[in-house]
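Source file run-v7.txt; content: compact mmCIF, C-alpha atoms.
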# COMPACT_ATOMS: atom_id res chain seq x y z
CA MET A 123 0.00 0.00 0.00
CA LEU A 124 2.66 2.47 1.06
CA ILE A 125 4.82 1.52 -1.93
CA VAL A 126 1.94 2.41 -4.29
CA SER A 127 1.54 5.73 -2.52
CA LEU A 128 5.28 6.33 -2.82
CA PHE A 129 5.12 5.82 -6.58
CA ALA A 130 2.13 8.16 -6.83
CA ILE A 131 4.00 10.85 -4.92
CA VAL A 132 7.12 10.49 -7.07
CA ALA A 133 5.04 10.62 -10.27
CA THR A 134 3.32 13.80 -9.07
CA MET A 135 6.68 15.31 -8.19
CA LEU A 136 7.97 14.58 -11.68
CA LEU A 137 4.87 16.15 -13.26
CA ALA A 138 5.24 19.25 -11.06
CA LEU A 139 8.92 19.47 -11.95
CA ALA A 140 8.08 19.32 -15.64
CA ARG A 141 5.54 22.12 -15.17
CA ALA A 142 8.14 24.16 -13.32
CA LEU A 143 10.54 23.75 -16.24
CA LEU A 144 7.92 24.35 -18.96
CA GLY A 145 5.66 26.89 -17.26
CA PRO A 146 5.00 29.95 -19.41
CA THR A 147 4.83 32.44 -16.53
CA VAL A 148 6.76 32.85 -13.31
CA PHE A 149 3.58 32.09 -11.34
CA ASP A 150 3.29 28.66 -12.94
CA ARG A 151 6.81 27.94 -11.82
CA ILE A 152 6.10 29.08 -8.25
CA LEU A 153 2.92 27.00 -8.14
CA ALA A 154 4.81 23.93 -9.37
CA ALA A 155 7.64 24.50 -6.88
CA ASN A 156 5.11 24.86 -4.07
CA THR A 157 3.38 21.63 -5.08
CA PHE A 158 6.76 19.94 -5.31
CA SER A 159 7.71 20.97 -1.79
CA THR A 160 4.40 19.74 -0.33
CA LYS A 161 5.03 16.42 -2.02
CA THR A 162 8.50 16.38 -0.46
CA VAL A 163 6.85 16.47 2.98
CA LEU A 164 4.62 13.54 2.03
CA LEU A 165 7.53 11.64 0.52
CA ILE A 166 9.61 11.94 3.68
CA ALA A 167 6.68 10.85 5.87
CA VAL A 168 5.81 7.82 3.71
CA LEU A 169 9.48 6.85 3.38
CA GLY A 170 9.82 6.97 7.16
CA PHE A 171 6.94 4.51 7.50
CA ILE A 172 8.29 2.21 4.79
CA THR A 173 11.72 1.98 6.41
CA ASN A 174 9.96 1.64 9.81
CA ARG A 175 11.62 4.74 11.21
CA PRO A 176 8.87 7.25 12.07
CA ASP A 177 11.51 9.69 13.39
CA PHE A 178 11.63 11.00 9.83
CA LEU A 179 8.43 12.85 10.67
CA ASP A 180 10.49 15.55 12.39
CA LEU A 181 12.16 16.32 9.08
CA ALA A 182 8.77 16.40 7.36
CA LEU A 183 7.50 18.84 9.98
CA ALA A 184 10.48 21.14 9.44
CA TYR A 185 9.95 21.01 5.67
CA ALA A 186 6.26 21.87 6.07
CA LEU A 187 7.23 25.00 7.98
CA ILE A 188 10.02 26.06 5.61
CA ASN A 189 7.75 25.72 2.55
CA PHE A 190 5.34 28.37 3.67
CA VAL A 191 8.01 30.93 4.49
CA GLY A 192 9.79 30.29 1.20
CA ALA A 193 6.61 30.58 -0.85
CA VAL A 194 5.55 33.83 0.80
CA ALA A 195 9.05 35.31 0.42
CA VAL A 196 9.16 34.52 -3.30
CA LEU A 197 5.66 35.92 -3.81
CA LYS A 198 6.54 39.13 -2.00
CA PHE A 199 9.55 39.50 -4.24
CA VAL A 200 7.45 38.93 -7.33
CA ARG A 201 4.81 41.39 -6.25
CA TYR A 202 6.87 44.31 -4.96
CA GLY A 203 10.21 43.79 -6.65
CA ASN A 204 12.20 43.74 -3.41
CA PHE A 205 12.08 42.19 0.02
CA ALA A 206 12.12 45.41 2.03
CA GLN A 207 8.96 47.20 0.96
CA ALA A 208 6.07 46.36 3.24
CA GLU A 209 2.92 47.81 1.72
CA ILE A 210 1.93 49.21 -1.62
CA GLU A 211 0.64 52.75 -1.42
CA LEU A 212 -2.97 53.01 -2.47
CA GLU A 213 -5.20 56.07 -2.53
CA ILE A 214 -8.44 54.89 -0.99
CA PRO A 215 -11.23 57.45 -1.54
CA ARG A 216 -12.98 58.17 1.72
CA ASP A 217 -16.72 58.38 2.00
CA PRO A 218 -17.54 62.15 2.36
CA ASN A 219 -20.65 61.41 4.46
CA GLU A 220 -18.64 59.46 7.00
CA ALA A 221 -17.85 61.31 10.22
CA PRO A 222 -14.13 61.84 10.84
CA ALA A 223 -12.69 59.53 13.43
CA MET B 116 -8.41 -4.92 15.13
CA SER B 117 -4.97 -4.27 13.72
CA ASP B 118 -5.95 -5.82 10.38
CA ILE B 119 -9.00 -3.58 10.10
CA LEU B 120 -6.85 -0.53 10.80
CA LEU B 121 -4.35 -1.61 8.15
CA ILE B 122 -7.12 -2.06 5.57
CA VAL B 123 -8.55 1.39 6.36
CA SER B 124 -5.04 2.83 6.13
CA GLY B 125 -4.46 1.20 2.74
CA VAL B 126 -7.74 2.50 1.32
CA LEU B 127 -7.03 6.04 2.54
CA VAL B 128 -3.43 6.05 1.30
CA ILE B 129 -4.36 4.73 -2.13
CA SER B 130 -7.23 7.18 -2.58
CA GLY B 131 -4.81 9.93 -1.56
CA GLY B 132 -2.40 8.68 -4.21
CA PHE B 133 -5.21 8.79 -6.78
CA PHE B 134 -5.89 12.45 -6.00
CA LEU B 135 -2.16 13.20 -6.12
CA ILE B 136 -1.87 11.72 -9.61
CA THR B 137 -5.03 13.53 -10.70
CA GLY B 138 -3.66 16.86 -9.52
CA GLY B 139 -0.31 16.18 -11.18
CA ILE B 140 -2.01 15.49 -14.51
CA GLY B 141 -4.17 18.56 -14.03
CA LEU B 142 -1.05 20.68 -13.57
CA HIS B 143 -0.19 19.73 -17.12
CA ARG B 144 -3.48 19.65 -18.95
CA LEU B 145 -5.42 22.62 -17.59
CA PRO B 146 -5.32 25.62 -19.91
CA ASP B 147 -4.27 28.64 -17.83
CA PHE B 148 -2.60 29.57 -14.57
CA TYR B 149 -5.72 30.10 -12.45
CA SER B 150 -7.13 26.69 -13.29
CA ARG B 151 -3.73 25.12 -12.63
CA THR B 152 -3.93 26.63 -9.16
CA HIS B 153 -7.00 24.46 -8.65
CA ALA B 154 -5.03 21.33 -9.54
CA GLY B 155 -2.19 22.32 -7.22
CA GLY B 156 -4.62 23.00 -4.40
CA LEU B 157 -6.24 19.61 -4.96
CA THR B 158 -2.96 17.80 -4.36
CA ASP B 159 -2.17 20.02 -1.37
CA THR B 160 -5.43 19.45 0.50
CA LEU B 161 -7.16 16.25 -0.57
CA GLY B 162 -4.11 14.25 -1.65
CA ALA B 163 -1.90 15.22 1.28
CA GLY B 164 -4.80 15.02 3.76
CA LEU B 165 -5.89 11.53 2.76
CA THR B 166 -2.30 10.26 2.66
CA LEU B 167 -1.49 11.63 6.11
CA LEU B 168 -4.78 10.28 7.50
CA GLY B 169 -3.86 6.87 6.12
CA LEU B 170 -0.45 7.16 7.77
CA ILE B 171 -2.17 7.95 11.09
CA PHE B 172 -4.16 4.70 10.87
CA HIS B 173 -1.01 2.85 9.81
CA ALA B 174 0.85 4.18 12.85
CA ALA B 175 -1.99 3.16 15.16
CA ALA B 176 -1.92 -0.36 13.69
CA GLU B 177 1.81 -1.03 13.39
CA GLN B 178 3.62 0.92 16.11
CA SER B 179 2.74 -1.21 19.11
CA GLY B 180 4.72 0.85 21.63
CA ASP B 181 4.54 4.64 21.62
CA TRP B 182 2.42 5.39 18.58
CA GLY B 183 0.93 8.40 20.37
CA LEU B 184 3.87 10.70 19.59
CA VAL B 185 3.89 9.60 15.94
CA VAL B 186 0.19 10.36 15.63
CA VAL B 187 0.70 13.77 17.25
CA LYS B 188 3.46 14.61 14.75
CA LEU B 189 1.30 13.51 11.83
CA ILE B 190 -1.60 15.62 13.06
CA LEU B 191 0.77 18.59 13.40
CA ILE B 192 1.93 18.17 9.80
CA LEU B 193 -1.71 17.91 8.72
CA VAL B 194 -2.65 21.09 10.58
CA PHE B 195 0.33 23.02 9.18
CA LEU B 196 -0.45 21.94 5.63
CA PHE B 197 -4.10 22.83 6.05
CA PHE B 198 -3.25 26.31 7.30
CA THR B 199 -0.33 27.19 5.05
CA SER B 200 -1.40 25.69 1.73
CA PRO B 201 -4.54 27.83 1.21
CA GLY B 202 -2.59 30.83 2.48
CA SER B 203 0.19 30.47 -0.02
CA GLY B 204 -2.31 29.64 -2.77
CA TYR B 205 -4.22 32.83 -2.04
CA ALA B 206 -1.02 34.89 -1.98
CA LEU B 207 0.04 33.36 -5.29
CA VAL B 208 -3.23 34.17 -7.05
CA ARG B 209 -3.30 37.67 -5.58
CA ALA B 210 0.26 38.34 -6.70
CA ALA B 211 -0.61 37.12 -10.19
CA PHE B 212 -3.73 39.28 -10.34
CA THR B 213 -1.87 42.33 -9.05
CA GLN B 214 0.73 41.90 -11.76
CA GLY B 215 -2.01 42.05 -14.38
CA HIS B 216 -2.22 38.37 -15.22
CA LYS B 217 -5.58 37.95 -16.97
CA PRO B 218 -7.67 34.79 -16.51
CA ARG B 219 -8.67 32.98 -19.66
CA LEU B 220 -12.45 33.15 -19.92
CA GLY B 221 -14.86 31.16 -22.01
CA ILE B 222 -15.76 34.14 -24.17
CA GLN B 223 -15.05 34.23 -27.86
CA VAL B 224 -12.61 37.06 -28.56
CA PRO B 225 -11.33 38.28 -31.90
CA GLU B 226 -8.32 36.41 -33.18
CA ASP B 227 -5.95 39.39 -33.04
CA ARG B 228 -6.84 40.09 -29.40
CA LEU B 229 -6.50 36.49 -28.28
CA TRP B 230 -4.38 36.36 -25.18
CA ASP B 231 -1.94 33.52 -25.31
CA GLY B 232 -1.19 32.65 -21.71
CA GLU B 233 1.69 35.08 -21.48
CA LEU B 234 2.16 37.51 -18.64
CA VAL B 235 0.93 40.93 -19.71
CA ARG B 236 3.77 42.85 -18.10
CA GLU B 237 6.43 40.23 -18.61
CA ASN B 238 8.72 42.61 -20.50
CA GLU B 239 8.82 44.99 -17.56
CA LEU B 240 9.89 42.43 -15.00

Written as structure tokens, that's how I'd like the structure from this file.
Amino acid sequence: MLIVSLFAIVATMLLALARALLGPTVFDRILAANTFSTKTVLLIAVLGFITNRPDFLDLALAYALINFVGAVAVLKFVRYGNFAQAEIELEIPRDPNEAPA
Amino acid sequence: MSDILLIVSGVLVISGGFFLITGGIGLHRLPDFYSRTHAGGLTDTLGAGLTLLGLIFHAAAEQSGDWGLVVVKLILILVFLFFTSPGSGYALVRAAFTQGHKPRLGIQVPEDRLWDGELVRENEL
């Protein structure tokens, strides 16, 4: 059972890797890399159960945390062009009938 | 009891593998970026969730000694994936939309205005 799941995970990782190499836009590549990293978590967990060493789950947990930070950092870079800028300046028109705070 | 748990674990793990493969194929065959996000989200939630749930049952069946800690770690991974995966998916789509990436709609457009899956502002990046 777990061997079948392992093959499914590896096949999905290969498909995501191909999309990351082919992808027409940078967002396709980020999506594929994100999918790939989630599958890495699953691969480590399943591999730990196959080799009967569930201690591998610690590594999977660390990967699950790193993924999110990496994805958000890359997306911030793509959106703003640098890592330092916090917010984009927007002119929000205020409602004239609203009482000033 | 242990056999029943192993059978449940096998069914969950294999259905999770089915959704993983489905999402992987969808990453290739779907036409534009926003629909590919759906395929990626499918593997992140349903595929990963079912696989980890199957591993929880497998741990409860096989690890005779201290399977409690293993189950707690698996549930932690499940919770982290369920919180972070929609968050990063939302940030990805919002970044794409902010950059002017247009979704491909089912409307017939003139041939010279047909948008070909390229980023609109790609030359400026």

Pick the closest to Ser117 in chain B from B:Thr160, B:Gly131, B:Ala175, B:Gly138: which is it, counting all atoms listed in the file?
B:Ala175

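Neighbouring residues of Phe195 in chain B at 8 Å or closer, counting all atoms listed in the file and skipping chain neighbours under 3 positions away, are Ala186 and Leu187 of chain A; Leu191, Ile192, Phe198 and Thr199 of chain B.
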
Output C-alpha atoms for every residue in that selection, as a PDB file, in the frame of the given file.
ATOM      1  CA  ALA A 186       6.260  21.870   6.070  1.00  0.00           C
ATOM      2  CA  LEU A 187       7.230  25.000   7.980  1.00  0.00           C
TER       3      LEU A 187
ATOM      4  CA  LEU B 191       0.770  18.590  13.400  1.00  0.00           C
ATOM      5  CA  ILE B 192       1.930  18.170   9.800  1.00  0.00           C
ATOM      6  CA  PHE B 198      -3.250  26.310   7.300  1.00  0.00           C
ATOM      7  CA  THR B 199      -0.330  27.190   5.050  1.00  0.00           C
TER       8      THR B 199
END

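Note that the spacing between CA of Leu136 in chain A and CA of Phe158 in chain A amounts to 8.4 Å.
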
Counting all atoms listed in the file, collect the residues of chain B whose closest atom lies at most 8 Å from chain A, and write them out as an MDAnalysis selection string.
chainID B and resid 125 128:129 131:133 135:136 138:140 142:143 148 151:152 155 158:159 163 166:167 170 185 188:189 191:192 195:196 199:200 203:204 206:207 210:211 213:214 232:234

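Interatomic distance, CA of Gly183 in chain B against CA of Phe197 in chain B: 20.9 Å.
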
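Picture a line from CA of Gly164 in chain B to CA of Arg209 in chain B; it runs 24.5 Å.
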